[in-house]
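Enquirer: Sending over coords_39.txt (compact mmCIF, C-alpha atoms and all ligand atoms).
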```txt
# COMPACT_ATOMS: atom_id res chain seq x y z
CA MET M 1 0.00 0.00 0.00
CA SER M 2 3.07 2.19 0.28
CA ASN M 3 2.74 3.06 -3.37
CA ILE M 4 -0.94 3.92 -2.82
CA MET M 5 -0.81 5.74 0.53
CA ARG M 6 1.76 6.99 3.00
CA GLU M 7 2.18 4.73 5.99
CA SER M 8 1.20 7.53 8.41
CA HIS M 9 -2.15 7.91 6.62
CA ILE M 10 -2.73 4.15 6.79
CA MET M 11 -1.89 4.15 10.51
CA LYS M 12 -4.19 7.12 11.20
CA ILE M 13 -6.98 5.04 9.63
CA HIS M 14 -5.82 2.03 11.66
CA TYR M 15 -6.05 3.84 15.00
CA LEU M 16 -9.25 5.71 14.09
CA THR M 17 -11.09 2.57 12.91
CA ALA M 18 -10.03 0.81 16.14
CA LEU M 19 -11.36 3.63 18.33
CA VAL M 20 -14.63 4.10 16.43
CA ALA M 21 -15.13 0.31 16.32
CA VAL M 22 -14.93 0.21 20.12
CA GLY M 23 -17.85 2.68 20.20
CA PHE M 24 -19.94 0.58 17.83
CA VAL M 25 -19.09 -2.66 19.62
CA ILE M 26 -20.27 -1.05 22.87
CA ILE M 27 -23.60 -0.08 21.23
CA HIS M 28 -23.86 -3.61 19.83
CA ILE M 29 -23.25 -5.18 23.26
CA ILE M 30 -25.70 -2.82 25.01
CA VAL M 31 -28.43 -3.69 22.48
CA ARG M 32 -27.76 -7.41 22.91
CA VAL M 33 -27.75 -7.50 26.72
CA THR M 34 -30.97 -5.46 26.92
CA GLN M 35 -32.89 -7.78 24.56
CA GLY M 36 -32.74 -11.08 26.46
CA PHE M 37 -30.87 -14.06 25.09
CA ALA M 38 -33.56 -16.76 25.12
CA ASN M 39 -34.51 -16.87 21.46
CA SER M 40 -31.96 -14.42 20.14
CA LEU M 41 -30.33 -16.95 17.83
CA GLU M 42 -33.63 -18.14 16.35
CA PHE M 43 -33.72 -17.48 12.59
CA GLU M 44 -36.58 -14.99 12.87
CA SER M 45 -34.92 -13.07 15.70
CA VAL M 46 -31.68 -12.74 13.74
CA ILE M 47 -33.51 -11.53 10.62
CA ALA M 48 -35.55 -9.10 12.72
CA ASN M 49 -32.29 -7.47 13.87
CA TYR M 50 -31.34 -6.70 10.28
CA GLU M 51 -34.78 -5.31 9.54
CA SER M 52 -34.26 -2.60 12.13
CA ILE M 53 -32.47 -0.03 9.96
CA PRO M 54 -30.52 1.74 12.79
CA TYR M 55 -29.26 -1.65 13.99
CA ALA M 56 -28.38 -2.70 10.44
CA ILE M 57 -26.31 0.51 10.19
CA VAL M 58 -24.49 -0.42 13.42
CA LEU M 59 -23.70 -3.86 11.98
CA GLU M 60 -22.56 -2.42 8.65
CA ALA M 61 -20.33 0.10 10.45
CA MET M 62 -18.78 -2.66 12.55
CA LEU M 63 -18.23 -4.76 9.45
CA ILE M 64 -16.40 -1.96 7.63
CA LEU M 65 -14.39 -0.67 10.59
CA ILE M 66 -13.22 -4.06 11.84
CA SER M 67 -12.48 -5.32 8.31
CA VAL M 68 -10.36 -2.26 7.51
CA HIS M 69 -8.56 -2.41 10.86
CA GLY M 70 -8.24 -6.20 10.94
CA PHE M 71 -6.90 -6.65 7.42
CA ASN M 72 -4.46 -3.79 7.87
CA GLY M 73 -3.42 -5.40 11.17
CA LEU M 74 -2.89 -8.67 9.33
CA ARG M 75 -0.87 -6.83 6.66
CA ILE M 76 1.35 -5.33 9.41
CA ILE M 77 1.92 -8.73 11.02
CA LEU M 78 2.78 -10.36 7.68
CA LEU M 79 5.12 -7.53 6.61
CA GLU M 80 7.08 -7.99 9.82
CA LEU M 81 7.19 -11.74 9.45
CA LYS M 82 9.00 -11.93 6.12
CA GLN M 83 10.45 -9.46 3.63
CA GLY M 84 10.96 -9.26 -0.12
CA SER M 85 9.25 -7.13 -2.74
CA ALA M 86 7.18 -9.90 -4.41
CA TYR M 87 6.02 -11.19 -1.01
CA GLU M 88 5.27 -7.69 0.28
CA ASN M 89 3.23 -6.79 -2.80
CA ALA M 90 1.30 -10.06 -2.49
CA VAL M 91 0.59 -9.33 1.20
CA THR M 92 -0.46 -5.74 0.56
CA TYR M 93 -2.75 -6.39 -2.39
CA GLY M 94 -3.96 -9.73 -0.95
CA CYS M 95 -5.09 -7.99 2.26
CA LEU M 96 -6.69 -5.13 0.31
CA ILE M 97 -8.62 -7.52 -1.95
CA ALA M 98 -9.67 -9.74 1.00
CA MET M 99 -10.83 -6.62 2.88
CA ILE M 100 -12.95 -5.43 -0.06
CA ALA M 101 -14.33 -8.94 -0.66
CA LEU M 102 -15.34 -9.40 2.99
CA ILE M 103 -16.98 -5.98 3.17
CA ALA M 104 -18.82 -6.63 -0.11
CA TYR M 105 -20.04 -10.07 0.96
CA GLY M 106 -21.04 -8.93 4.46
CA SER M 107 -22.78 -5.82 3.11
CA ARG M 108 -24.70 -7.98 0.64
CA THR M 109 -26.00 -10.09 3.58
CA ILE M 110 -26.91 -7.04 5.67
CA ILE M 111 -28.66 -5.28 2.77
CA MET M 112 -30.57 -8.38 1.65
CA ALA M 113 -31.69 -9.25 5.19
CA SER M 114 -32.70 -5.69 6.03
CA MET M 115 -34.75 -5.43 2.82
CA GLY M 116 -36.65 -8.61 3.69
CA MET M 117 -35.07 -10.53 0.81
CA VAL M 118 -34.12 -13.51 3.00
CA GLU M 119 -36.88 -16.11 3.45
CA ALA M 120 -36.95 -18.78 6.15
CA MET Z 1 66.53 3.30 47.21
CA THR Z 2 69.78 2.26 48.90
CA LYS Z 3 72.17 -0.30 47.47
CA ASP Z 4 70.80 -3.19 49.50
CA GLY Z 5 67.26 -2.43 48.30
CA ALA Z 6 66.05 -0.81 51.50
CA LEU Z 7 64.35 2.58 51.40
CA PRO Z 8 66.50 5.57 52.52
CA LYS Z 9 66.28 6.70 56.10
CA GLY Z 10 63.08 8.50 56.84
CA PHE Z 11 61.33 6.93 53.86
CA GLU Z 12 60.82 3.49 55.34
CA ARG Z 13 57.24 2.21 55.15
CA PRO Z 14 55.71 1.05 58.37
CA SER Z 15 55.25 -2.71 58.09
CA ARG Z 16 51.43 -2.32 58.05
CA SER Z 17 50.58 1.12 56.74
CA PRO Z 18 46.85 1.88 56.24
CA SER Z 19 47.30 1.78 52.46
CA GLN Z 20 49.16 -1.52 52.68
CA GLU Z 21 46.38 -2.93 54.79
CA LYS Z 22 43.78 -1.75 52.31
CA TYR Z 23 45.77 -3.33 49.49
CA GLU Z 24 45.98 -6.66 51.31
CA LYS Z 25 42.26 -6.55 52.03
CA VAL Z 26 41.39 -5.86 48.42
CA LYS Z 27 43.77 -8.57 47.24
CA SER Z 28 42.19 -11.14 49.47
CA SER Z 29 38.74 -10.01 48.32
CA SER Z 30 39.49 -11.27 44.79
CA LYS Z 31 36.84 -13.79 43.80
CA THR Z 32 36.56 -16.22 40.94
CA THR Z 33 33.82 -16.70 38.42
CA THR Z 34 33.26 -18.81 35.35
CA LEU Z 35 33.34 -16.89 32.10
CA ARG Z 36 31.49 -18.63 29.25
CA ILE Z 37 32.40 -17.19 25.89
CA SER Z 38 30.37 -17.95 22.78
CA LYS Z 39 32.60 -19.15 19.93
CA PHE Z 40 31.45 -19.12 16.33
CA ASN Z 41 33.27 -18.76 13.05
CA PRO Z 42 30.75 -18.50 10.19
CA GLU Z 43 33.37 -19.76 7.74
CA SER Z 44 33.89 -23.10 9.48
CA ASP Z 45 31.20 -23.66 12.14
CA SER Z 46 27.56 -24.57 11.74
CA THR Z 47 26.55 -23.73 15.32
CA SER Z 48 28.12 -21.74 18.12
CA THR Z 49 29.78 -23.44 21.09
CA PHE Z 50 30.86 -22.15 24.48
CA SER Z 51 34.37 -22.07 25.96
CA GLU Z 52 34.58 -21.84 29.75
CA PHE Z 53 37.33 -20.18 31.76
CA LYS Z 54 37.84 -19.55 35.49
CA VAL Z 55 38.69 -15.90 36.00
CA HIS Z 56 39.66 -13.87 39.06
CA TYR Z 57 37.91 -10.58 39.53
CA GLN Z 58 37.84 -7.62 41.85
CA ARG Z 59 34.98 -5.28 42.61
CA TRP Z 60 35.96 -3.12 39.66
CA THR Z 61 36.82 -5.80 37.10
CA THR Z 62 34.70 -5.35 33.99
CA VAL Z 63 33.50 -8.13 31.72
CA LEU Z 64 35.79 -6.71 29.02
CA ASP Z 65 38.78 -6.92 31.42
CA ALA Z 66 37.97 -10.58 32.02
CA ILE Z 67 37.57 -11.36 28.31
CA LEU Z 68 40.89 -9.66 27.51
CA GLU Z 69 42.59 -11.53 30.36
CA VAL Z 70 41.38 -14.80 28.87
CA LYS Z 71 42.37 -13.66 25.39
CA SER Z 72 45.94 -12.83 26.43
CA ASN Z 73 46.51 -15.87 28.64
CA TYR Z 74 44.36 -18.76 27.48
CA ASP Z 75 42.76 -18.34 24.05
CA HIS Z 76 44.23 -15.80 21.63
CA SER Z 77 41.64 -16.64 19.01
CA ILE Z 78 38.69 -14.99 20.80
CA GLY Z 79 37.10 -12.48 18.43
CA VAL Z 80 36.07 -9.34 20.35
CA ARG Z 81 35.79 -5.69 19.33
CA TYR Z 82 36.68 -2.91 21.76
CA SER Z 83 38.58 0.33 21.85
CA CYS Z 84 37.96 3.04 24.46
CA ARG Z 85 37.17 0.87 27.51
CA GLN Z 86 35.09 3.73 28.88
CA ALA Z 87 31.62 3.47 27.30
CA THR Z 88 32.44 6.04 24.65
CA CYS Z 89 33.33 4.31 21.39
CA GLY Z 90 30.38 1.92 21.25
CA SER Z 91 32.48 -1.06 20.14
CA CYS Z 92 32.03 -3.61 22.89
CA GLY Z 93 28.29 -4.30 22.87
CA MET Z 94 27.43 -7.92 23.56
CA ILE Z 95 24.87 -10.07 25.35
CA ILE Z 96 26.02 -10.50 28.95
CA ASN Z 97 23.98 -12.95 31.00
CA GLY Z 98 21.13 -12.60 28.54
CA LYS Z 99 21.00 -8.81 28.33
CA PRO Z 100 22.58 -6.49 25.75
CA ARG Z 101 25.26 -4.46 27.54
CA LEU Z 102 28.63 -2.80 27.00
CA ALA Z 103 31.35 -5.19 28.23
CA CYS Z 104 33.55 -2.28 29.34
CA PHE Z 105 30.68 -0.72 31.31
CA THR Z 106 29.53 -3.88 33.09
CA LYS Z 107 31.35 -4.95 36.24
CA ILE Z 108 31.36 -8.66 37.01
CA SER Z 109 30.54 -7.84 40.63
CA GLU Z 110 27.31 -6.08 39.64
CA LEU Z 111 26.06 -9.15 37.74
CA ASP Z 112 25.65 -10.97 41.04
CA SER Z 113 26.15 -14.38 39.45
CA ASP Z 114 28.70 -17.21 39.59
CA LEU Z 115 28.50 -17.57 35.86
CA VAL Z 116 29.12 -14.85 33.29
CA THR Z 117 27.95 -15.80 29.81
CA VAL Z 118 28.94 -13.56 26.92
CA GLU Z 119 27.40 -13.89 23.46
CA PRO Z 120 27.36 -11.73 20.34
CA MET Z 121 24.56 -9.17 20.01
CA ASN Z 122 21.27 -10.43 18.61
CA ASN Z 123 19.95 -9.02 15.33
CA PHE Z 124 23.48 -8.54 13.97
CA PRO Z 125 25.42 -10.94 11.71
CA ILE Z 126 28.34 -12.61 13.53
CA ILE Z 127 31.80 -11.92 12.09
CA ARG Z 128 33.45 -14.15 14.68
CA ASP Z 129 32.71 -15.02 18.32
CA LEU Z 130 31.67 -11.73 19.97
CA ALA Z 131 32.38 -9.43 17.02
CA VAL Z 132 29.36 -8.58 14.86
CA GLY Z 133 28.87 -6.71 11.57
CA PHE Z 134 27.55 -3.14 11.82
CA GLU Z 135 26.67 -2.65 8.14
CA ARG Z 136 22.91 -2.47 8.73
CA LEU Z 137 23.21 -0.05 11.66
CA ILE Z 138 25.54 2.26 9.73
CA ALA Z 139 23.27 2.10 6.66
CA THR Z 140 20.07 2.95 8.58
CA HIS Z 141 21.91 5.64 10.55
CA LYS Z 142 23.09 7.25 7.28
CA ARG Z 143 19.63 6.89 5.76
CA ILE Z 144 18.01 9.29 8.23
CA LYS Z 145 20.61 11.99 7.33
CA PRO Z 146 22.35 12.39 10.69
CA TYR Z 147 23.53 15.96 10.18
CA ILE Z 148 22.12 19.49 10.24
CA ILE Z 149 20.38 20.21 6.94
CA ARG Z 150 20.06 23.83 5.79
CA ASP Z 151 21.02 25.93 2.80
CA ASP Z 152 23.26 28.43 4.58
CA SER Z 153 26.33 27.30 6.40
CA GLU Z 154 27.84 28.28 9.72
CA VAL Z 155 31.20 28.91 8.19
CA THR Z 156 30.78 31.86 5.80
CA SER Z 157 32.19 35.23 6.72
CA GLU Z 158 28.72 36.84 6.64
CA THR Z 159 26.93 34.40 8.92
CA LYS Z 160 27.36 34.07 12.64
CA GLU Z 161 27.26 30.83 14.53
CA PHE Z 162 23.74 29.61 15.21
CA LEU Z 163 22.98 30.50 18.76
CA GLN Z 164 20.79 28.13 20.74
CA SER Z 165 19.18 28.82 24.07
CA PRO Z 166 19.57 26.22 26.83
CA GLU Z 167 15.89 25.37 26.20
CA ASP Z 168 16.61 24.70 22.50
CA VAL Z 169 19.49 22.40 23.43
CA GLU Z 170 17.37 20.63 26.04
CA LYS Z 171 15.01 19.43 23.30
CA TYR Z 172 17.54 17.13 21.65
CA ILE Z 173 20.67 16.84 23.82
CA GLN Z 174 19.63 13.57 25.46
CA PHE Z 175 19.43 11.98 22.01
CA ALA Z 176 22.82 13.38 20.97
CA GLY Z 177 24.49 11.05 23.49
CA CYS Z 178 24.17 8.03 21.18
CA ILE Z 179 27.46 6.17 20.71
CA LYS Z 180 26.10 3.84 17.97
CA CYS Z 181 26.78 0.77 20.09
CA GLY Z 182 23.74 -1.01 18.64
CA LEU Z 183 22.49 -2.38 21.99
CA CYS Z 184 19.04 -0.90 21.30
CA ASN Z 185 18.82 -2.57 17.89
CA SER Z 186 19.97 -5.81 19.50
CA ALA Z 187 17.17 -5.64 22.10
CA CYS Z 188 14.40 -4.64 19.68
CA PRO Z 189 11.83 -7.39 18.93
CA THR Z 190 10.86 -5.85 15.58
CA MET Z 191 14.53 -5.87 14.47
CA ALA Z 192 14.50 -9.63 15.11
CA THR Z 193 11.86 -10.40 12.47
CA ASP Z 194 11.75 -7.39 10.14
CA SER Z 195 15.03 -7.29 8.23
CA SER Z 196 14.05 -3.97 6.61
CA PHE Z 197 13.06 -2.15 9.84
CA VAL Z 198 14.91 1.13 10.28
CA GLY Z 199 15.45 0.39 14.00
CA PRO Z 200 15.51 2.34 17.28
CA GLN Z 201 19.04 3.69 16.87
CA ALA Z 202 18.30 5.46 13.57
CA LEU Z 203 14.83 6.58 14.70
CA ALA Z 204 16.30 8.15 17.85
CA GLN Z 205 18.81 10.00 15.66
CA ALA Z 206 16.04 11.11 13.28
CA TYR Z 207 14.39 12.71 16.32
CA ARG Z 208 17.70 14.19 17.48
CA TYR Z 209 18.02 16.20 14.23
CA VAL Z 210 14.31 16.96 13.73
CA ALA Z 211 14.16 18.44 17.25
CA ASP Z 212 17.25 20.61 16.67
CA ASN Z 213 16.10 24.13 15.81
CA ARG Z 214 19.16 24.73 13.59
CA ASP Z 215 17.97 21.94 11.32
CA LYS Z 216 15.66 22.48 8.33
CA GLY Z 217 15.46 18.86 7.19
CA LYS Z 218 12.36 17.84 9.13
CA ASP Z 219 10.08 17.09 6.16
CA GLU Z 220 12.84 15.22 4.33
CA ARG Z 221 13.58 13.03 7.33
CA LEU Z 222 9.94 12.39 8.26
CA LYS Z 223 9.34 11.19 4.70
CA ILE Z 224 12.23 8.70 4.98
CA ILE Z 225 10.87 7.09 8.14
CA ASP Z 226 7.18 7.19 7.07
CA GLU Z 227 7.22 3.97 5.06
CA PRO Z 228 6.10 0.34 5.59
CA HIS Z 229 9.31 -0.65 7.40
CA GLY Z 230 9.75 2.71 9.08
CA ILE Z 231 8.67 4.24 12.37
CA TRP Z 232 5.23 2.54 12.48
CA ARG Z 233 6.75 -0.89 12.96
CA CYS Z 234 7.71 0.11 16.50
CA HIS Z 235 5.15 -1.41 18.91
CA PHE Z 236 6.60 0.25 21.97
CA ALA Z 237 8.14 -2.78 23.65
CA GLY Z 238 10.57 -0.24 25.14
CA SER Z 239 13.49 -2.71 25.30
CA CYS Z 240 15.72 -0.23 23.43
CA SER Z 241 15.46 2.33 26.22
CA GLN Z 242 15.99 -0.30 28.91
CA VAL Z 243 19.36 -1.35 27.49
CA CYS Z 244 20.77 1.99 26.26
CA PRO Z 245 23.95 2.65 28.27
CA LYS Z 246 23.85 6.40 27.54
CA GLY Z 247 20.29 7.18 28.64
CA VAL Z 248 19.21 8.08 25.11
CA ASP Z 249 15.66 6.62 25.43
CA PRO Z 250 15.00 5.76 21.76
CA ALA Z 251 11.43 4.62 22.60
CA MET Z 252 10.57 8.14 23.73
CA GLY Z 253 12.22 9.65 20.64
CA ILE Z 254 10.06 7.39 18.48
CA GLN Z 255 6.86 8.47 20.23
CA LEU Z 256 7.85 12.14 19.92
CA LEU Z 257 8.59 11.65 16.20
CA ARG Z 258 5.16 10.04 15.75
CA GLY Z 259 3.69 13.25 17.13
CA TYR Z 260 4.94 15.11 14.03
CA LEU Z 261 3.53 12.45 11.70
CA LEU Z 262 0.16 12.32 13.46
CA GLY Z 263 -0.05 16.10 13.35
CA TYR Z 264 -0.10 16.95 17.06
CA ARG Z 265 3.50 18.25 17.08
CA LYS Z 266 4.69 20.97 14.76
C1 LIG P 1 -12.80 -4.54 17.43
C2 LIG P 1 -11.67 -5.12 17.23
C3 LIG P 1 -10.35 -4.43 17.38
C4 LIG P 1 -10.03 -3.31 18.08
C5 LIG P 1 -10.93 -2.48 18.91
C6 LIG P 1 -8.62 -3.05 17.92
C7 LIG P 1 -7.93 -2.00 18.47
C8 LIG P 1 -6.61 -1.68 18.23
C9 LIG P 1 -5.90 -0.51 18.69
C10 LIG P 1 -6.46 0.57 19.58
C11 LIG P 1 -4.65 -0.55 18.23
C12 LIG P 1 -3.52 0.47 18.47
C13 LIG P 1 -2.55 -0.02 19.51
C14 LIG P 1 -1.09 0.15 19.13
O1 LIG P 1 -0.74 0.79 18.16
O2 LIG P 1 -0.23 -0.42 19.82
C15 LIG P 1 -4.55 -1.73 17.47
C16 LIG P 1 -3.43 -2.13 16.86
C17 LIG P 1 -3.33 -3.25 16.14
N1 LIG P 1 -4.36 -4.10 15.81
FE1 LIG P 1 -6.24 -4.05 16.43
N2 LIG P 1 -8.11 -4.01 17.11
C18 LIG P 1 -9.13 -4.87 16.75
C19 LIG P 1 -9.05 -5.95 15.93
C20 LIG P 1 -7.91 -6.34 15.32
C21 LIG P 1 -7.79 -7.49 14.45
C22 LIG P 1 -8.93 -8.41 14.08
C23 LIG P 1 -6.48 -7.53 14.05
C24 LIG P 1 -5.72 -8.47 13.19
C25 LIG P 1 -6.18 -9.44 12.46
C26 LIG P 1 -5.80 -6.42 14.66
C27 LIG P 1 -4.49 -6.15 14.50
C28 LIG P 1 -3.81 -5.10 15.05
C29 LIG P 1 -2.40 -4.87 14.90
C30 LIG P 1 -1.40 -5.74 14.17
C31 LIG P 1 -2.10 -3.71 15.59
C32 LIG P 1 -0.71 -3.11 15.77
C33 LIG P 1 -0.49 -1.89 14.95
C34 LIG P 1 0.76 -1.19 15.40
O3 LIG P 1 1.01 -1.12 16.60
O4 LIG P 1 1.47 -0.69 14.55
N3 LIG P 1 -6.67 -5.72 15.44
N4 LIG P 1 -5.74 -2.41 17.47
S1 LIG P 2 20.50 4.78 21.33
FE1 LIG P 2 21.70 3.99 23.10
S2 LIG P 2 21.69 1.75 22.83
FE2 LIG P 2 21.10 2.64 20.86
S3 LIG P 2 23.02 2.81 19.69
FE3 LIG P 2 22.70 4.80 20.71
S4 LIG P 2 23.81 4.62 22.67
FE4 LIG P 2 23.61 2.52 21.87
S1 LIG P 3 35.24 -0.35 24.56
FE1 LIG P 3 34.40 1.55 23.89
S2 LIG P 3 32.33 1.40 24.55
FE2 LIG P 3 33.24 -0.36 25.42
```
Please re-express this file's structure in structure tokens.
Ligand code: HEM
Ligand code: SF4
Ligand code: FES
Expert:
Amino acid sequence: MSNIMRESHIMKIHYLTALVAVGFVIIHIIVRVTQGFANSLEFESVIANYESIPYAIVLEAMLILISVHGFNGLRIILLELKQGSAYENAVTYGCLIAMIALIAYGSRTIIMASMGMVEA
Amino acid sequence: MTKDGALPKGFERPSRSPSQEKYEKVKSSSKTTTLRISKFNPESDSTSTFSEFKVHYQRWTTVLDAILEVKSNYDHSIGVRYSCRQATCGSCGMIINGKPRLACFTKISELDSDLVTVEPMNNFPIIRDLAVGFERLIATHKRIKPYIIRDDSEVTSETKEFLQSPEDVEKYIQFAGCIKCGLCNSACPTMATDSSFVGPQALAQAYRYVADNRDKGKDERLKIIDEPHGIWRCHFAGSCSQVCPKGVDPAMGIQLLRGYLLGYRK
């Protein structure tokens, strides 16, 4: 990513996504503990979560923030593990592509479920 | 001295003068320890081995003294680098009982152990035994441009010397104490796995020049360290500052440098 962005910009995003994610994870936990656990993992209950638009936004935000932070974290770990330009390019672009793919796939699930497109 | 070897009249020493007594006491206080020296020649050996020697030491005997004693009397082949013997030249860094230290600045008595094990510094290639190659340290040190950068020079007839207030000096002087011994790089966990990491020694020097108000090379230097194997690969283990024999505190320099890159220091 060094040829795309300066490392300090990447790290600013890394720290910011971590901090904002903590906020969203707290909201997520508060919502969960106030709802009762009994049937929370029933199919209908899970789908109902997505159909609440504010909660779907919380989930989407967590997906994006943790994916960006997590895949950059993985990139950092792998860059420190081994060096070499071919390897480093593979790590950088591999993590970027995996990040985009996970966000796209997760967003697809959130959008479909929140629009009532998932049937039991 | 008189012909028969006695001191002239009036100069005779009392048989037990206070200084003589002190000397005898110190002499009898000499202890012994086992010195284990790591031996490795990359040209002929596949692994390192240890040679053990019994050495006498006094309260003030340094690990370097003991190594040199062994080198002159028992094993001339021991590869060791040293010069000043006073923690100034930065040549004698090695791992002493598991910790990176200067051999000339470490007294055997302070180690409080019956066994003194000396090994070459970690994260450096071994030349032979205790002597390691400094190519990477010198290269990273040069890379951060360790000199004042500005267009005008101190030495023209029109310009005066650049005056600095004590406060200006205070900002960087701690970091100017670096003797390039490499102990910090040897202790750094990132240096151990990331062969391209710029390292605590060079980062501390980058701060030393960036914080110097005579210097105009801040942007240039920050750009050099702001890359994938630059300053961000420090995870603040702090080992560098623990082992620095000159109180440089590279870990703090790194955090202060990050302040410029994150925009909360100007
Ligand atoms: C909600 C989940 C997460 C939160 C809140 C979080 C939070 C943080 C924070 C605050 C930092 C900065 C600390 C520092 O620089 O020393 C950090 C660093 C880091 N995180 Fe995460 N993290 C999360 C998930 C992950 C995941 C899933 C990974 C890896 C797969 C990861 C990898 C890293 C790495 C490697 C660093 C070190 C960066 C550095 O120090 O240069 N994190 N994380
Ligand atoms: S910062 Fe300290 S430990 Fe590191 S090279 Fe300089 S003097 Fe040695
Ligand atoms: S011999 Fe110079 S620092 Fe130890």
Enquirer: Give me, as an MDAnalysis selection string, the set of residues whose atoms come within 7 Å of any atom of ligand LIG 1 (chain P), counting only C-alpha atoms and all ligand atoms.
Expert: (chainID M and resid 15 18:19 21:22 25 66 69:71 73:74 76:77) or (chainID Z and resid 232:235)
Enquirer: For ligand LIG 3 (chain P), list the contacting residues at 6 Å or closer, counting all atoms listed in the file, as a PyMOL selection string.
Expert: chain Z and resi 82-92+102-104
Enquirer: With C-alpha atoms kept, could you save the residues just selected as a CSV table (one decimal), in the coordinates of the input?
Expert:
```
chain,number,residue,atom,x,y,z
Z,82,TYR,CA,36.7,-2.9,21.8
Z,83,SER,CA,38.6,0.3,21.8
Z,84,CYS,CA,38.0,3.0,24.5
Z,85,ARG,CA,37.2,0.9,27.5
Z,86,GLN,CA,35.1,3.7,28.9
Z,87,ALA,CA,31.6,3.5,27.3
Z,88,THR,CA,32.4,6.0,24.6
Z,89,CYS,CA,33.3,4.3,21.4
Z,90,GLY,CA,30.4,1.9,21.2
Z,91,SER,CA,32.5,-1.1,20.1
Z,92,CYS,CA,32.0,-3.6,22.9
Z,102,LEU,CA,28.6,-2.8,27.0
Z,103,ALA,CA,31.4,-5.2,28.2
Z,104,CYS,CA,33.6,-2.3,29.3
```
Enquirer: Enumerate, as a PyMOL selection string, the protein, DNA and RNA residues whose atoms approach (10.3, 8.7, 21.5) to within 12 Å, taking into account all atoms listed in the file and the coordinate frame of the file.
Expert: chain Z and resi 171-172+174-175+200-208+211+231+234-238+240-241+248-260
Enquirer: Fewer than 5 positions away in the same chain doesn't count, so skip those; otherwise give me all residues within 10 Å of Arg214 of chain Z, counting all atoms listed in the file, as JSON, numbers by chain.
Expert: {"Z": [148, 149, 150, 162, 163, 164, 168, 209]}
Enquirer: For the residues selected in the previous step, produce a file with C-alpha atoms as a PDB file, in the frame of the given file.
Expert:
```pdb
ATOM      1  CA  ILE Z 148      22.120  19.490  10.240  1.00  0.00           C
ATOM      2  CA  ILE Z 149      20.380  20.210   6.940  1.00  0.00           C
ATOM      3  CA  ARG Z 150      20.060  23.830   5.790  1.00  0.00           C
ATOM      4  CA  PHE Z 162      23.740  29.610  15.210  1.00  0.00           C
ATOM      5  CA  LEU Z 163      22.980  30.500  18.760  1.00  0.00           C
ATOM      6  CA  GLN Z 164      20.790  28.130  20.740  1.00  0.00           C
ATOM      7  CA  ASP Z 168      16.610  24.700  22.500  1.00  0.00           C
ATOM      8  CA  TYR Z 209      18.020  16.200  14.230  1.00  0.00           C
TER       9      TYR Z 209
END
```
Enquirer: Please provide as a list in words all residues within 10 Å of Ala192 of chain Z, with the sequence filter that same-chain residues fewer than 3 positions apart are discarded (counting all atoms listed in the file).
Expert: Glu80 and Leu81 of chain M; Asn122, Asn123, Phe124, Asn185, Ser186, Ala187, Cys188, Pro189, Ser195 and Phe197 of chain Z
